>>> print(open('protein_28.cif').read())   # mmCIF, C-alpha atoms
data_my_file
loop_
_atom_site.label_atom_id
_atom_site.label_comp_id
_atom_site.auth_asym_id
_atom_site.auth_seq_id
_atom_site.Cartn_x
_atom_site.Cartn_y
_atom_site.Cartn_z
CA MET A 1 6.35 13.58 4.89
CA GLN A 2 8.48 11.75 2.36
CA GLY A 3 7.80 14.46 -0.21
CA ILE A 4 8.99 17.30 2.03
CA LEU A 5 12.15 15.37 2.89
CA ILE A 6 12.93 14.77 -0.78
CA LYS A 7 12.55 18.51 -1.35
CA GLU A 8 14.82 19.31 1.58
CA PHE A 9 17.62 16.98 0.55
CA LYS A 10 17.44 17.40 -3.22
CA LEU A 11 16.27 20.98 -3.75
CA SER A 12 16.75 23.09 -0.64
CA ALA A 13 20.07 21.74 0.62
CA SER A 14 23.34 23.43 -0.28
CA ILE A 15 26.13 21.11 -1.41
CA LEU A 16 28.22 22.66 1.37
CA SER A 17 25.99 21.05 3.97
CA TYR A 18 27.11 17.65 2.70
CA LEU A 19 30.74 18.57 2.12
CA PHE A 20 31.14 20.13 5.56
CA ILE A 21 30.27 16.81 7.22
CA ALA A 22 33.93 16.00 6.55
CA PHE A 23 34.93 18.61 9.14
CA GLY A 24 34.16 15.89 11.68
CA LEU A 25 37.62 14.60 10.72
CA MET A 26 39.07 17.57 12.60
CA PHE A 27 38.83 15.30 15.65
CA PHE A 28 42.03 13.73 14.28
CA ILE A 29 43.98 17.01 14.32
CA PRO A 30 46.46 17.27 17.25
CA GLY A 31 47.22 20.62 18.82
CA TYR A 32 43.96 22.08 17.55
CA PRO A 33 40.61 22.72 19.29
CA VAL A 34 38.77 19.72 17.83
CA LEU A 35 35.34 21.11 18.72
CA CYS A 36 35.79 23.76 16.03
CA GLY A 37 34.90 20.96 13.64
CA VAL A 38 31.39 21.00 15.12
CA PHE A 39 31.04 24.69 14.30
CA PHE A 40 32.10 24.16 10.68
CA VAL A 41 29.44 21.45 10.27
CA THR A 42 26.79 23.92 11.45
CA LEU A 43 28.25 26.53 9.11
CA GLY A 44 27.53 24.14 6.25
CA ILE A 45 23.92 23.77 7.43
CA PHE A 46 23.67 27.55 7.67
CA GLN A 47 24.53 27.72 3.96
CA SER A 48 21.44 25.64 3.21
CA PHE A 49 19.23 28.05 5.15
CA GLN A 50 20.83 31.00 3.38
CA SER A 51 20.35 29.41 -0.04
CA ALA A 52 16.78 28.44 0.80
CA ARG A 53 15.92 31.97 1.91
CA GLU A 54 17.26 33.56 -1.25
CA SER A 55 15.17 31.17 -3.35
CA ASN A 56 12.00 31.74 -1.27
CA ASP A 57 12.05 28.10 -0.26
CA ILE A 58 9.81 28.59 2.78
CA LEU A 59 7.08 30.24 0.70
CA PHE A 60 7.42 27.54 -1.95
CA SER A 61 7.14 24.84 0.73
CA ALA A 62 4.06 26.49 2.22
CA LEU A 63 2.37 26.44 -1.20
CA LEU A 64 2.90 22.70 -1.51
CA PRO A 65 0.26 20.28 -0.15
CA PHE A 66 2.01 20.07 3.21
CA SER A 67 1.04 21.46 6.58
CA LYS A 68 3.17 24.20 8.12
CA ARG A 69 4.14 21.74 10.83
CA SER A 70 5.49 19.38 8.16
CA VAL A 71 7.61 22.19 6.69
CA VAL A 72 9.22 22.77 10.09
CA LYS A 73 9.61 19.05 10.69
CA GLY A 74 11.34 18.63 7.33
CA LYS A 75 13.89 21.32 8.19
CA TYR A 76 14.62 19.83 11.60
CA ILE A 77 14.99 16.30 10.21
CA PHE A 78 17.39 17.59 7.55
CA VAL A 79 19.46 19.43 10.18
CA CYS A 80 19.53 16.45 12.55
CA ILE A 81 20.56 14.00 9.82
CA ILE A 82 23.48 16.20 8.76
CA GLU A 83 24.52 16.56 12.41
CA LEU A 84 24.26 12.83 13.09
CA CYS A 85 26.28 12.00 9.96
CA SER A 86 29.05 14.29 11.18
CA LEU A 87 28.81 12.75 14.66
CA ILE A 88 29.39 9.33 13.12
CA VAL A 89 32.58 10.69 11.53
CA MET A 90 33.62 12.22 14.87
CA SER A 91 32.85 8.98 16.70
CA ILE A 92 35.09 7.01 14.34
CA ALA A 93 37.89 9.51 14.96
CA VAL A 94 37.35 9.28 18.74
CA ILE A 95 37.39 5.47 18.76
CA LEU A 96 40.56 5.36 16.64
CA ARG A 97 42.29 7.91 18.87
CA MET A 98 41.24 5.97 21.97
CA SER A 99 42.55 2.68 20.58
CA VAL A 100 44.81 2.56 17.52
CA PHE A 101 46.49 5.92 18.17
CA LEU A 102 46.33 5.73 21.96
CA ASN A 103 50.10 5.99 22.48
CA ALA A 104 50.91 8.28 19.56
CA GLN A 105 53.26 10.94 20.89
CA VAL A 106 51.61 13.65 18.79
CA TYR A 107 48.42 13.12 20.80
CA ARG A 108 50.07 12.46 24.16
CA ALA A 109 51.91 15.79 23.95
CA ASN A 110 48.71 17.64 23.04
CA ALA A 111 47.92 20.44 25.51
CA LEU A 112 44.40 20.86 24.16
CA MET A 113 41.32 18.69 24.61
CA ASN A 114 41.67 15.04 23.68
CA ALA A 115 39.16 13.50 21.29
CA ASN A 116 37.36 11.28 23.80
CA PHE A 117 33.75 10.57 24.74
CA PHE A 118 33.57 13.77 26.79
CA ALA A 119 34.48 15.79 23.68
CA LEU A 120 31.82 13.89 21.77
CA GLY A 121 29.28 14.77 24.47
CA ILE A 122 30.18 18.45 24.12
CA ALA A 123 29.68 18.12 20.34
CA PHE A 124 26.10 17.03 21.06
CA VAL A 125 25.66 20.07 23.32
CA ILE A 126 26.87 22.48 20.61
CA PHE A 127 24.59 20.90 18.02
CA ALA A 128 21.68 21.23 20.46
CA LEU A 129 22.57 24.89 20.86
CA PHE A 130 22.52 25.35 17.08
CA ASN A 131 19.10 23.70 16.81
CA SER A 132 17.66 25.85 19.56
CA VAL A 133 19.30 29.23 18.98
CA PHE A 134 19.69 29.28 15.20
CA VAL A 135 17.01 26.96 13.77
CA GLY A 136 14.53 27.92 16.45
CA GLY A 137 15.44 31.59 15.99
CA PHE A 138 14.96 31.34 12.23
CA PHE A 139 11.39 30.14 12.64
CA LYS A 140 10.47 33.22 14.65
CA THR A 141 10.20 35.00 11.29
CA ALA A 142 10.97 32.23 8.75
CA TYR A 143 13.17 34.80 7.03
CA ARG A 144 15.72 36.50 9.29
CA PHE A 145 18.64 34.43 10.50
CA ALA A 146 21.63 36.78 10.92
CA ARG A 147 21.02 37.59 14.59
CA PRO A 148 20.29 33.97 15.62
CA PHE A 149 23.45 32.80 13.86
CA VAL A 150 25.66 35.47 15.42
CA THR A 151 24.20 34.62 18.83
CA TYR A 152 24.91 30.95 18.18
CA ILE A 153 28.52 31.71 17.14
CA ILE A 154 29.17 33.59 20.37
CA LEU A 155 27.63 30.91 22.58
CA SER A 156 29.23 27.99 20.73
CA PHE A 157 32.75 29.37 20.97
CA LEU A 158 32.14 30.21 24.61
CA ILE A 159 31.34 26.52 25.17
CA VAL A 160 34.40 25.47 23.15
CA GLY A 161 36.59 27.74 25.28
CA ILE A 162 35.16 26.41 28.55
CA ALA A 163 35.47 22.79 27.41
CA GLU A 164 39.07 23.33 26.32
CA ALA A 165 39.98 24.99 29.63
CA LEU A 166 38.20 22.69 32.09
CA HIS A 167 40.81 19.94 32.25
CA HIS A 168 43.46 22.48 33.27
CA PHE A 169 41.63 23.18 36.55
CA PRO A 170 42.29 21.02 39.63
CA GLY A 171 39.77 18.22 39.96
CA PHE A 172 38.78 18.21 36.30
CA GLU A 173 41.83 16.42 34.89
CA ASN A 174 39.83 13.24 34.22
CA LEU A 175 37.82 15.05 31.56
CA ASN A 176 40.88 14.82 29.32
CA SER A 177 41.38 11.08 29.73
CA PHE A 178 43.23 8.99 27.15
CA GLY A 179 41.82 5.74 25.80
CA THR A 180 39.62 3.86 28.24
CA ASP A 181 40.88 5.73 31.30
CA ASN A 182 37.90 6.84 33.43
CA LEU A 183 35.59 5.25 30.87
CA PRO A 184 32.48 5.22 33.14
CA LEU A 185 32.83 8.98 33.66
CA GLN A 186 33.31 9.56 29.94
CA LEU A 187 30.25 7.48 29.06
CA ILE A 188 28.10 9.27 31.65
CA LEU A 189 29.12 12.65 30.20
CA LEU A 190 28.44 11.40 26.67
CA ALA A 191 25.01 10.15 27.73
CA GLY A 192 24.36 13.56 29.30
CA GLY A 193 25.28 15.29 26.04
CA ILE A 194 23.01 12.99 24.01
CA SER A 195 20.11 13.52 26.43
CA PHE A 196 20.62 17.29 26.30
CA TYR A 197 20.62 17.18 22.49
CA CYS A 198 17.40 15.17 22.31
CA VAL A 199 15.49 17.29 24.83
CA VAL A 200 16.63 20.69 23.56
CA THR A 201 16.07 19.79 19.90
CA PHE A 202 12.58 18.42 20.60
CA VAL A 203 11.57 21.50 22.62
CA SER A 204 12.97 23.78 19.91
CA TYR A 205 11.03 21.88 17.24
CA LYS A 206 7.78 22.20 19.18
CA LYS A 207 8.26 25.93 19.70
CA SER A 208 9.17 26.42 16.05
CA CYS A 209 5.97 24.67 14.96
CA GLU A 210 3.93 27.01 17.15
CA ARG A 211 5.75 30.10 15.86
CA PHE A 212 5.54 29.11 12.21
CA GLU A 213 1.81 28.44 12.48
CA LYS A 214 1.31 32.09 13.48
CA ILE A 215 3.41 33.57 10.64
CA ASP A 216 1.44 35.01 7.75
CA LEU A 217 3.50 34.20 4.67
#
>>> encode(input="protein_28.cif", output="structure tokens")
Amino acid sequence: MQGILIKEFKLSASILSYLFIAFGLMFFIPGYPVLCGVFFVTLGIFQSFQSARESNDILFSALLPFSKRSVVKGKYIFVCIIELCSLIVMSIAVILRMSVFLNAQVYRANALMNANFFALGIAFVIFALFNSVFVGGFFKTAYRFARPFVTYIILSFLIVGIAEALHHFPGFENLNSFGTDNLPLQLILLAGGISFYCVVTFVSYKKSCERFEKIDL
């Protein structure tokens, strides 16, 4: 397993996958839909899949002394590590906005979603969607990825739009809490997002293993 991970991170990965982790800092931007930062992180991961396809990485991996299941596992671990690194960046931004910059006027006057634990929970949901729709879709053929990525784009921005609009509806104002206001609710929603990410990603990985086993490379 260590060998396939070294290949993923040193040979298959595009430099953009690492650079785009910094888009997690978009959680600091006021007056901007912060969840777009999540999409840009996945766009960086997409570049690795695109680069790997053009270099016949999947075929190369299959020729190595690894099982097909290990090839799939390596891709999923790579994707999850990039996502979790960006989530650490986003979490730092959220904590700073909920504490140090709590009373900053530029954030208080923001009509869009605040960077709080609810936003972080939605970030987990979008990453789960990427893992299921795009990564899982890629392993249906281990070659084609345009349709899965376009489908993911549509669904992810639909979620971003819904998340941005929710706190404007009566009864949902607490979703846009500042600082530690309604902290139990925020933590419950964050836990829900994390649980969704874990379950969806695991199910997607299992299905991808089954699909990849049946593909004749």
>>> resolve_selection(input="protein_28.cif", expression="the PyMOL selection byres ((chain A and resi 94) around 9)", output="tab-separated table (two decimals) with C-alpha atoms, keeping the file's coordinate frame")
chain	number	residue	atom	x	y	z
A	27	PHE	CA	38.83	15.30	15.65
A	28	PHE	CA	42.03	13.73	14.28
A	89	VAL	CA	32.58	10.69	11.53
A	90	MET	CA	33.62	12.22	14.87
A	91	SER	CA	32.85	8.98	16.70
A	92	ILE	CA	35.09	7.01	14.34
A	93	ALA	CA	37.89	9.51	14.96
A	95	ILE	CA	37.39	5.47	18.76
A	96	LEU	CA	40.56	5.36	16.64
A	97	ARG	CA	42.29	7.91	18.87
A	98	MET	CA	41.24	5.97	21.97
A	99	SER	CA	42.55	2.68	20.58
A	114	ASN	CA	41.67	15.04	23.68
A	115	ALA	CA	39.16	13.50	21.29
A	116	ASN	CA	37.36	11.28	23.80
A	117	PHE	CA	33.75	10.57	24.74
A	119	ALA	CA	34.48	15.79	23.68
A	120	LEU	CA	31.82	13.89	21.77
>>> resolve_selection(input="protein_28.cif", expression="the PyMOL selection byres ((chain A and resi 149) around 9)", output="JSON, numbers by chain")
{"A": [46, 130, 133, 134, 135, 137, 138, 145, 146, 147, 148, 150, 151, 152, 153, 154]}
>>> residues_around(input="protein_28.cif", residues="Pro30 of chain A", least_positions_apart="4", cutoff="9 Å", atoms="all atoms listed in the file", output="PyMOL selection string")
chain A and resi 26+34+106-107+109-112+114
>>> residues_around(input="protein_28.cif", residues="Lys140 of chain A", least_positions_apart="3", cutoff="9 Å", atoms="all atoms listed in the file", output="number ranges by chain")
A: 136-137, 143-144, 208, 211-212, 215
>>> residues_around(input="protein_28.cif", residues="Asn182 of chain A", least_positions_apart="6", cutoff="12 Å", atoms="all atoms listed in the file", output="list in words")
Met98, Asn116, Phe117, Phe118, Phe172, Glu173, Asn174, Leu175, Asn176, Ile188 and Leu189 of chain A
>>> closest_residue(input="protein_28.cif", among="A:Leu102, A:Ile162, A:Ile58, A:Cys209", to="Lys7 of chain A", atoms="only C-alpha atoms")
A:Ile58
>>> resolve_selection(input="protein_28.cif", expression="the PyMOL selection byres ((chain A and resi 76-88) around 9)", output="PyMOL selection string")
chain A and resi 5+8-9+13+17-18+20-25+38+41-42+45+71-75+89-93+120+123-124+127+131+135+201+205
>>> closest_residue(input="protein_28.cif", among="A:Tyr32, A:Ile159, A:Asn103, A:Ser12", to="Gly179 of chain A", atoms="all atoms listed in the file")
A:Asn103
>>> atom_distance(input="protein_28.cif", atom1="atom CA of Asn56 of chain A", atom2="atom CA of Phe39 of chain A")
25.6 Å
>>> closest_residue(input="protein_28.cif", among="A:Leu129, A:Cys36, A:Ser70, A:Gly171", to="Cys198 of chain A", atoms="all atoms listed in the file")
A:Leu129
>>> atom_distance(input="protein_28.cif", atom1="atom CA of Gln105 of chain A", atom2="atom CA of Gly31 of chain A")
11.6 Å
>>> atom_distance(input="protein_28.cif", atom1="atom CA of Thr180 of chain A", atom2="atom CA of Ser195 of chain A")
21.8 Å
